[in-house]
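The next block holds one structure in the form of structure tokens; read it before the comments.
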Amino acid sequence: MSAAHLVTLPFAELVDRFGPVPDGIELGVWDVGSPHQRPDDVAITMLPFYFQGRHRWQYVHDLPNLRLLQLPSAGYEHAVPHVPGHAQLANGRGIHDDETAELAVGLALTALREIGQFQIDRTNGVWDVRTTRSLADRRVTVVGYGAIGGAIATRFEAFRTDVTVVARTAREQDGRHVHAFGDLPELARTTDVLVLIAPLTDETDHLVDAALLAALPDGALVVNVARGRVVDTDALVAELQRGRLSAGLDVTDPEPLPVGHPLWTTPNTVLTPHVGGNTDLSVPRSIELMRRQVSALAEGRAFENLIEF
């Protein structure tokens with residue numbers, strides 16, 4: 001294999017911690033912020049964790065021998081329109097499973113146990129002992145049953161909840177019955193905690209609309225760690241302002257939230273700024289995946305996590 005097979009990683013820590021690479025492979029740092037100085041040599045490019053700027057996609061298209069465009073995220077819909085025709089696209093399946101599942105549970109606990117409000121009380125010097133809601137014994141519906149959805153379901157089960165899982169198609173998987181999206185209106189009627197982790201597609205865009213939100217029981221909690229557009233934001237805001245539902249949101253539509261948006265001030269709302277996959281696990285898990293992709297390149301094997309589109 002020629003020494004010209006260059007694998008680019010978006011920041012130096014990934015390269016520094018990568019370890020040995022197979023013969024004929026070279027690692028380099030490139031954040032896709034400017035044209036690469038050796039475009040003919042690049043075989044794999046991993047995009048930065050937060051990749052913004054439509055003009056930057058042109059720098060990817062300037063790589064004539066690119067084999068693989070590697071995303072660090074499980075979501076991939078934003079990249080599909082921009083992938084060069086001669087390259088394959090892989091997502092970051094496996095990188096953020098634990099991180100996102102932890103946050104989903106954390107958002108639910110924060111909302112139900114009113115942890116955020118207790119912290120506000122603390123800053124105001126208020127000692128207010130009151131009864132909150134437990135997560136145990138709640139009926140949890142997880143919408144989206146990929147790797148992260150499975151991790152979320154397992155964690156909620158550990159809290160002694162009754163978990164139902166839903167995906168695009170019904171099936172039996174991992175000892176669970178997976179319901180189809182079409183079952184959601186009926187399932188919603190008995191759901192205490194609705195957790196969203198489905199990918200954003202034409203089918204899931206506003207999957208959780210006004211009718212589905214209305215079907216949820218009074219006091220139900222909506223946890224969104226998927227994409228903001230999976231939920232009809234206006235419909236959710238209306239339910240929150242009425243005080244009928246509560247929400248734990250790591251993603252929003254629009255994102256980031258503009259100044260003055262109602263979600264900054266809706267009651268019964270816990271909000272984090274899209275940090276589900278942003279912990280100290282991100283770097284080592286990214287390296288683990290990229291080591292396997294580099295080995296596949298060196299050995300002529302198929303890459304992992306390929307997206308068909």
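Identifiers in this document derive from the order of the structure tokens: chains are assigned A, B, ..., residues are numbered from 1 separately in each chain, and ligands are numbered from 1 in order of occurrence.
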
Picked from range 112-261 of chain A by DSSP as alpha helix (DSSP H), as a ChimeraX atom specification: /A:112,115-123,147-158,184-188,210-215,233-242

Each range 230-283 of chain A residue no farther than 7 Å from range 198-215 of chain A, nearest pair in Å, only C-alpha atoms, as a tab-separated table:
```
residue	atom	partner	partner_atom	distance
A:Val230	CA	A:His206	CA	4.6
A:Val231	CA	A:Val208	CA	4.7
A:Asp232	CA	A:His206	CA	5.0
A:Ala235	CA	A:Ala210	CA	5.0
```

Tell me, counting only C-alpha atoms, for each residue of range 115-207 of chain A within 7 Å of range 81-98 of chain A, which pair of atoms is nearest and how far apart they are in Å to one decimal, in rows ordered by chain and increasing number, as a Markdown table.
```
| residue | atom | partner | partner_atom | distance |
| --- | --- | --- | --- | --- |
| A:Ala147 | CA | A:Asp97 | CA | 6.5 |
| A:Ile148 | CA | A:Asp97 | CA | 4.5 |
| A:Ala151 | CA | A:Asp97 | CA | 6.3 |
```

Output N, CA, C and O atoms of each residue in that selection to a file, as a short mmCIF file (atom, residue, chain, number, x, y, z; two decimals), in the first residue's frame.
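The result, written out as part-v4.cif:
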```
data_model
loop_
_atom_site.label_atom_id
_atom_site.label_comp_id
_atom_site.auth_asym_id
_atom_site.auth_seq_id
_atom_site.Cartn_x
_atom_site.Cartn_y
_atom_site.Cartn_z
N ALA A 147 -28.81 1.63 18.26
CA ALA A 147 -27.89 1.34 19.35
C ALA A 147 -28.16 2.22 20.56
O ALA A 147 -28.17 1.75 21.70
N ILE A 148 -28.38 3.52 20.32
CA ILE A 148 -28.63 4.41 21.45
C ILE A 148 -29.99 4.12 22.08
O ILE A 148 -30.13 4.12 23.30
N ALA A 151 -29.63 1.30 24.39
CA ALA A 151 -28.94 1.70 25.61
C ALA A 151 -29.88 2.48 26.54
O ALA A 151 -29.84 2.32 27.76
#
```

Skipping near chain neighbours, those fewer than 6 positions away, what residues fall within 9 Å of Asn65 in chain A using only C-alpha atoms, listed as a VMD selection string? chain A and resid 39 to 44 86 to 87

Would you mind reading off the distance between CA of Asn305 in chain A and CA of Arg285 in chain A, one decimal, in Å?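 The value is 14.0 Å.
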
Between CA of Pro35 in chain A and CA of Asp280 in chain A, what distance in Å does the model show, to one decimal? 29.2 Å
